[in-house]
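Shown here: upload39.cif, mmCIF, C-alpha atoms.
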```cif
data_structure
loop_
_atom_site.label_atom_id
_atom_site.label_comp_id
_atom_site.auth_asym_id
_atom_site.auth_seq_id
_atom_site.Cartn_x
_atom_site.Cartn_y
_atom_site.Cartn_z
CA MET A 25 0.00 0.00 0.00
CA PHE A 26 1.28 3.47 -0.87
CA SER A 27 0.12 6.17 1.53
CA VAL A 28 0.80 9.86 1.04
CA LEU A 29 0.21 12.21 3.93
CA SER A 30 -0.27 15.85 3.06
CA ARG A 31 -0.66 18.35 5.89
CA TRP A 32 -2.84 21.34 5.25
CA HIS A 33 -3.57 23.91 7.91
CA VAL A 34 -6.04 25.93 5.84
CA PRO A 35 -5.88 29.33 7.63
CA TYR A 36 -2.12 29.43 7.14
CA CYS A 37 -1.24 27.47 4.03
CA VAL A 38 -1.32 27.55 0.26
CA GLN A 39 -4.22 25.19 -0.23
CA PRO A 40 -4.32 25.46 -4.08
CA ALA A 41 -0.62 24.56 -4.29
CA GLY A 42 -1.21 21.58 -2.04
CA LYS A 43 -4.04 20.39 -4.26
CA SER A 44 -1.85 20.79 -7.34
CA TRP A 45 0.95 18.53 -6.15
CA LEU A 46 -1.54 15.99 -4.81
CA THR A 47 -3.22 15.85 -8.22
CA LEU A 48 0.11 15.34 -9.97
CA LEU A 49 1.24 12.75 -7.46
CA LEU A 50 -1.89 10.69 -8.06
CA HIS A 51 -0.42 9.82 -11.46
CA THR A 52 2.31 7.89 -9.67
CA ALA A 53 0.76 6.70 -6.41
CA CYS A 54 -2.64 6.17 -4.83
CA PRO A 55 -4.52 5.94 -2.56
CA PHE A 56 -3.47 8.94 -0.49
CA LEU A 57 -4.47 10.48 2.77
CA SER A 58 -4.73 14.24 3.10
CA SER A 59 -4.98 16.14 6.35
CA CYS A 60 -6.88 19.38 6.02
CA LEU A 61 -9.75 21.33 7.45
CA ASP A 62 -11.81 20.99 4.27
CA THR A 63 -13.22 17.47 4.60
CA THR A 64 -15.76 18.02 1.82
CA SER A 65 -13.17 18.06 -0.98
CA LYS A 66 -13.85 15.60 -3.81
CA HIS A 67 -11.08 13.52 -5.35
CA LYS A 68 -11.27 11.14 -8.28
CA ALA A 69 -8.94 8.70 -6.57
CA LYS A 70 -9.50 6.96 -3.27
CA ALA A 71 -8.85 9.57 -0.61
CA GLU A 72 -9.41 10.29 3.03
CA ALA A 73 -9.25 13.66 4.76
CA MET A 74 -8.33 14.31 8.38
CA THR A 75 -8.19 17.55 10.34
CA LEU A 76 -5.03 19.07 11.75
CA ASP A 77 -4.13 22.43 13.29
CA LEU A 78 -0.37 23.00 13.19
CA ALA A 79 -0.74 26.00 15.50
CA LEU A 80 -1.74 23.67 18.34
CA LEU A 81 0.63 20.93 19.50
CA HIS A 82 -2.18 18.88 21.03
CA SER A 83 -3.91 18.86 17.64
CA VAL A 84 -0.73 17.51 16.02
CA GLN A 85 -0.54 14.85 18.71
CA HIS A 86 -4.17 13.80 18.25
CA PHE A 87 -3.74 13.68 14.48
CA ALA A 88 -0.69 11.40 14.75
CA GLU A 89 -2.53 9.09 17.13
CA ALA A 90 -5.51 8.90 14.77
CA PHE A 91 -3.25 8.15 11.82
CA LYS A 92 -1.36 5.45 13.68
CA ALA A 93 -4.65 3.83 14.65
CA LYS A 94 -5.33 3.19 10.95
CA ASN A 95 -2.33 0.84 10.85
CA VAL A 96 -1.33 1.79 7.31
CA SER A 97 2.06 2.37 5.71
CA LEU A 98 3.47 5.85 5.19
CA HIS A 99 5.90 6.08 2.29
CA VAL A 100 5.77 9.81 1.52
CA LEU A 101 5.21 12.64 3.98
CA VAL A 102 5.03 16.14 2.46
CA CYS A 103 5.35 19.06 4.85
CA ASN A 104 3.58 21.72 2.82
CA ALA A 105 1.73 24.07 5.18
CA ALA A 106 2.93 27.65 5.66
CA ALA A 107 1.99 30.91 7.33
CA PHE A 108 3.01 34.11 5.54
CA ALA A 109 2.76 37.81 6.35
CA LEU A 110 0.68 37.33 9.46
CA PRO A 111 0.33 40.04 12.10
CA TRP A 112 2.16 39.13 15.30
CA SER A 113 0.33 36.67 17.52
CA LEU A 114 1.07 33.87 19.93
CA THR A 115 -0.38 30.39 19.63
CA LYS A 116 -2.07 28.70 22.57
CA ASP A 117 1.29 27.05 23.15
CA GLY A 118 2.84 30.48 23.74
CA LEU A 119 4.98 30.66 20.58
CA GLU A 120 4.97 33.08 17.66
CA THR A 121 2.49 31.72 15.12
CA THR A 122 4.66 31.71 11.99
CA PHE A 123 7.43 29.79 13.75
CA GLN A 124 5.08 27.19 15.17
CA VAL A 125 3.02 26.62 12.01
CA ASN A 126 5.93 26.63 9.58
CA HIS A 127 8.48 24.74 11.63
CA LEU A 128 7.60 23.38 15.05
CA GLY A 129 4.29 21.80 14.04
CA HIS A 130 6.06 20.03 11.16
CA PHE A 131 8.88 18.94 13.42
CA TYR A 132 6.51 17.47 15.99
CA LEU A 133 4.39 15.64 13.43
CA VAL A 134 7.40 13.99 11.80
CA GLN A 135 8.73 13.02 15.21
CA LEU A 136 5.46 11.38 16.14
CA LEU A 137 5.27 9.51 12.83
CA GLN A 138 8.91 8.55 12.46
CA ASP A 139 8.31 5.00 13.69
CA VAL A 140 5.65 4.55 11.00
CA LEU A 141 8.00 5.97 8.37
CA CYS A 142 10.78 3.61 9.43
CA ARG A 143 8.49 0.60 9.37
CA SER A 144 7.35 1.64 5.89
CA ALA A 145 10.89 2.10 4.52
CA PRO A 146 11.87 3.00 1.94
CA ALA A 147 10.11 6.25 2.78
CA ARG A 148 10.58 9.92 1.93
CA VAL A 149 9.93 13.20 3.71
CA ILE A 150 9.63 16.34 1.58
CA VAL A 151 9.84 19.70 3.37
CA VAL A 152 8.62 22.70 1.36
CA SER A 153 10.97 25.62 2.03
CA SER A 154 11.67 28.77 0.00
CA GLU A 155 14.49 30.72 -1.59
CA SER A 156 13.67 33.42 0.95
CA HIS A 157 15.69 31.39 3.47
CA ARG A 158 18.76 33.07 1.96
CA PHE A 159 17.84 36.51 3.28
CA THR A 160 18.08 35.91 7.00
CA ASP A 161 19.89 34.09 9.79
CA ILE A 162 18.88 32.55 13.09
CA SER A 163 22.22 32.69 14.89
CA ASP A 164 23.65 35.52 16.96
CA SER A 165 27.02 37.21 16.47
CA SER A 166 28.78 34.37 18.31
CA GLY A 167 27.24 31.76 16.01
CA GLN A 168 24.83 30.42 18.61
CA LEU A 169 21.19 29.70 17.80
CA ASP A 170 19.11 32.70 18.91
CA PHE A 171 15.62 31.76 20.09
CA SER A 172 14.52 35.42 20.12
CA ARG A 173 14.90 35.44 16.34
CA LEU A 174 12.75 32.33 15.95
CA SER A 175 9.87 33.35 18.22
CA PRO A 176 10.27 37.13 18.60
CA SER A 177 8.38 39.52 20.83
CA GLN A 178 5.83 41.84 19.27
CA ASN A 179 8.28 44.76 19.30
CA ASP A 180 10.91 42.74 17.40
CA TYR A 181 8.52 41.14 14.93
CA TRP A 182 8.55 41.66 11.16
CA ALA A 183 6.27 39.32 9.24
CA MET A 184 8.52 38.80 6.21
CA LEU A 185 11.56 38.15 8.37
CA ALA A 186 9.61 35.63 10.47
CA TYR A 187 8.67 33.79 7.29
CA ASN A 188 12.25 33.80 5.98
CA ARG A 189 13.58 32.41 9.26
CA SER A 190 10.97 29.66 9.33
CA LYS A 191 11.98 28.64 5.81
CA LEU A 192 15.60 28.45 6.93
CA CYS A 193 14.42 26.20 9.77
CA ASN A 194 12.73 23.97 7.21
CA ILE A 195 16.00 23.20 5.42
CA LEU A 196 17.95 22.72 8.64
CA PHE A 197 15.27 20.35 9.92
CA SER A 198 15.17 18.38 6.67
CA ASN A 199 18.94 17.94 6.64
CA GLU A 200 19.13 16.83 10.27
CA LEU A 201 16.18 14.49 9.79
CA HIS A 202 17.97 12.84 6.90
CA ARG A 203 21.15 12.40 8.95
CA ARG A 204 19.17 10.72 11.73
CA LEU A 205 16.76 8.52 9.76
CA SER A 206 18.58 7.64 6.53
CA PRO A 207 20.27 4.62 8.20
CA ARG A 208 16.73 3.30 8.77
CA GLY A 209 15.62 3.79 5.16
CA VAL A 210 13.94 7.21 5.48
CA THR A 211 15.27 10.10 3.38
CA SER A 212 14.43 13.79 3.56
CA ASN A 213 14.82 16.62 1.07
CA ALA A 214 13.77 20.27 1.07
CA VAL A 215 12.32 22.07 -1.96
CA HIS A 216 11.57 25.55 -3.26
CA PRO A 217 8.25 25.55 -5.17
CA GLY A 218 8.60 28.94 -6.89
CA ASN A 219 8.63 32.67 -6.27
CA MET A 220 5.42 34.59 -5.56
CA MET A 221 3.03 32.01 -6.99
CA TYR A 222 -0.50 33.39 -6.88
CA SER A 223 -2.37 31.59 -4.13
CA SER A 224 -4.07 32.27 -0.82
CA ILE A 225 -0.77 32.67 1.01
CA HIS A 226 -0.75 36.44 0.48
CA ARG A 227 -4.22 37.14 1.83
CA SER A 228 -3.15 38.47 5.24
CA TRP A 229 -2.35 41.97 3.87
CA TRP A 230 -3.69 43.80 0.83
CA VAL A 231 -0.21 45.06 -0.12
CA TYR A 232 1.03 41.50 -0.60
CA THR A 233 -2.12 40.64 -2.54
CA LEU A 234 -1.38 43.55 -4.89
CA LEU A 235 2.26 42.51 -5.33
CA PHE A 236 1.38 38.89 -6.01
CA THR A 237 -1.29 39.97 -8.50
CA LEU A 238 1.19 42.16 -10.41
CA ALA A 239 3.76 39.35 -10.47
CA ARG A 240 1.28 36.67 -11.50
CA PRO A 241 1.95 36.78 -15.29
CA PHE A 242 5.66 36.19 -14.65
CA THR A 243 5.54 33.42 -12.05
CA LYS A 244 4.86 29.71 -12.03
CA SER A 245 1.41 28.20 -12.16
CA MET A 246 0.28 26.00 -9.28
CA GLN A 247 1.03 22.90 -11.36
CA GLN A 248 4.52 24.13 -12.23
CA GLY A 249 5.14 24.98 -8.59
CA ALA A 250 4.13 21.48 -7.56
CA ALA A 251 6.57 19.79 -9.94
CA THR A 252 9.62 19.87 -7.67
CA THR A 253 7.69 18.44 -4.71
CA VAL A 254 6.36 15.61 -6.87
CA TYR A 255 9.81 14.98 -8.33
CA CYS A 256 11.36 14.58 -4.88
CA ALA A 257 8.46 12.42 -3.72
CA ALA A 258 8.38 10.02 -6.65
CA ALA A 259 11.54 10.13 -8.80
CA PRO A 260 13.17 6.66 -8.90
CA GLU A 261 16.64 8.20 -9.27
CA LEU A 262 16.29 9.79 -5.81
CA GLU A 263 15.70 6.48 -4.03
CA GLY A 264 17.93 6.46 -0.96
CA LEU A 265 19.19 10.00 -1.54
CA GLY A 266 18.48 12.93 0.75
CA GLY A 267 19.86 15.83 2.73
CA MET A 268 19.52 18.02 -0.36
CA TYR A 269 17.73 21.17 -1.48
CA PHE A 270 15.91 21.31 -4.82
CA ASN A 271 14.70 24.14 -7.04
CA ASN A 272 13.10 23.59 -10.47
CA CYS A 273 13.61 19.84 -10.04
CA CYS A 274 17.36 20.36 -9.78
CA ARG A 275 19.63 20.12 -6.78
CA CYS A 276 21.15 23.42 -5.68
CA LEU A 277 23.09 24.62 -2.67
CA PRO A 278 21.14 26.47 0.02
CA SER A 279 22.63 29.30 2.06
CA PRO A 280 25.78 28.63 4.11
CA GLU A 281 23.80 28.68 7.38
CA ALA A 282 21.29 26.20 5.95
CA GLN A 283 24.19 23.82 5.38
CA SER A 284 25.47 24.04 8.95
CA GLU A 285 25.26 20.73 10.81
CA GLU A 286 25.93 22.51 14.10
CA VAL A 287 22.99 24.90 13.67
CA ALA A 288 20.76 22.02 12.51
CA ARG A 289 21.59 20.00 15.64
CA ALA A 290 20.97 23.03 17.85
CA LEU A 291 17.61 23.70 16.19
CA TRP A 292 16.61 20.06 16.65
CA ALA A 293 17.50 20.17 20.35
CA LEU A 294 15.67 23.46 20.85
CA SER A 295 12.57 22.21 19.04
CA ASP A 296 12.55 19.07 21.15
CA ARG A 297 12.88 21.10 24.34
CA LEU A 298 10.06 23.50 23.38
CA ILE A 299 7.70 20.57 22.88
CA GLN A 300 8.71 18.86 26.10
CA GLU A 301 8.20 22.07 28.07
CA ARG A 302 4.65 22.40 26.73
CA LEU A 303 3.49 18.80 26.69
CA GLY A 304 5.59 17.31 29.45
CA SER A 305 6.87 14.37 27.43
CA PRO A 306 9.53 13.71 24.81
CA SER A 307 8.51 14.33 21.21
CA ASP A 308 9.85 11.01 19.95
#
```
Since I need it in another form, could you write the structure as structure tokens?
Amino acid sequence: MFSVLSRWHVPYCVQPAGKSWLTLLLHTACPFLSSCLDTTSKHKAKAEAMTLDLALLHSVQHFAEAFKAKNVSLHVLVCNAAAFALPWSLTKDGLETTFQVNHLGHFYLVQLLQDVLCRSAPARVIVVSSESHRFTDISDSSGQLDFSRLSPSQNDYWAMLAYNRSKLCNILFSNELHRRLSPRGVTSNAVHPGNMMYSSIHRSWWVYTLLFTLARPFTKSMQQGAATTVYCAAAPELEGLGGMYFNNCCRCLPSPEAQSEEVARALWALSDRLIQERLGSPSD
């Protein structure tokens, strides 16, 4: 059985882009399972929808438990959800929303499902990042991971910078995940879908909606943007290969900080600690 798990947190993600790569992936694998808040969606292939709120750690936990109860294999896990240009807010877990939705929720879900992935090996994790990861850093002047940059106070918050930093976290997480799970048959790669694709991601502020509208004739379609995700999820030539970053279905080097094993390990440890502090138990 080939199971694909797509995670959609509708208030904060590019739902049309998610639908595009799911549609393309159905040409290579079905049935699939999609987690989203829209459980009325119709699919031509066998499909099942489940709800998940990445801004709430308990919701991630409940989702993972429900999925495990199905006792099915999990060969491809695509981390696709994203928050962009949101006004500053804290989640119920006390963390800045962009950071939790874009990184920590993904991290926790993969941790909870890693035993299923390993049992299903060979398996792949695809983490959707962005070229915007190049325009920021998450370490201080001494090279140490700076938590205040990941989950900033309201006075230090800038929406675009929060998004960029979360996308840097995505690559660091993907690389560290691959280092940890590849000996057990699970690979992980990060991808950039495309610049300023017209979707619901820009809806938090009218200025971004205007910019995305003006750029629309010059950017990728949803289907084109989905191509790299599908390539990393299904390409036979990538079997057993991971720890890479892809753009336009080609491997490319991410920023120097995104390649740092030290920063990746520190981010993993911090993410684990944040979850333990809020839920009182290890994340894996």
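Here the question is which of A:Leu141, A:Ala106, A:Met74, A:Leu128 gets nearest to Ser154 of chain A using all atoms listed in the file, and that residue is A:Ala106.
Once the PyMOL selection byres ((chain A and resi 186) around 9) is applied to this file, the selection holds Phe108, Ala109, Glu120, Thr122, Phe123, Arg173, Leu174, Ser175, Pro176, Tyr181, Trp182, Ala183, Met184, Leu185, Tyr187, Asn188, Arg189, Ser190 and Lys191 of chain A.
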Could you check which of A:Leu110, A:Leu192, A:Val140, A:Ala293 is closest to Val215 of chain A, using all atoms listed in the file?
A:Leu192
Which distance in Å separates atom CA of Leu78 of chain A and atom CA of Gly264 of chain A, to one decimal?
28.4 Å
Restricting the calculation to only C-alpha atoms, which member of A:Leu291, A:Ala105, A:Cys274, A:Val134 is positioned closest to Asp170 of chain A?
A:Leu291
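Using all atoms listed in the file, the protein and nucleic acid residues lying no more than 12 Å from Gly304 of chain A, apart from those fewer than 6 places from it along its own chain, are Leu81, His82, Asp296, Arg297 and Leu298 of chain A.
Here atom CA of Cys273 of chain A and atom CA of Cys256 of chain A stand 7.7 Å from one another.
Note that the spacing between atom CA of Phe270 of chain A and atom CA of Asn213 of chain A amounts to 7.6 Å.
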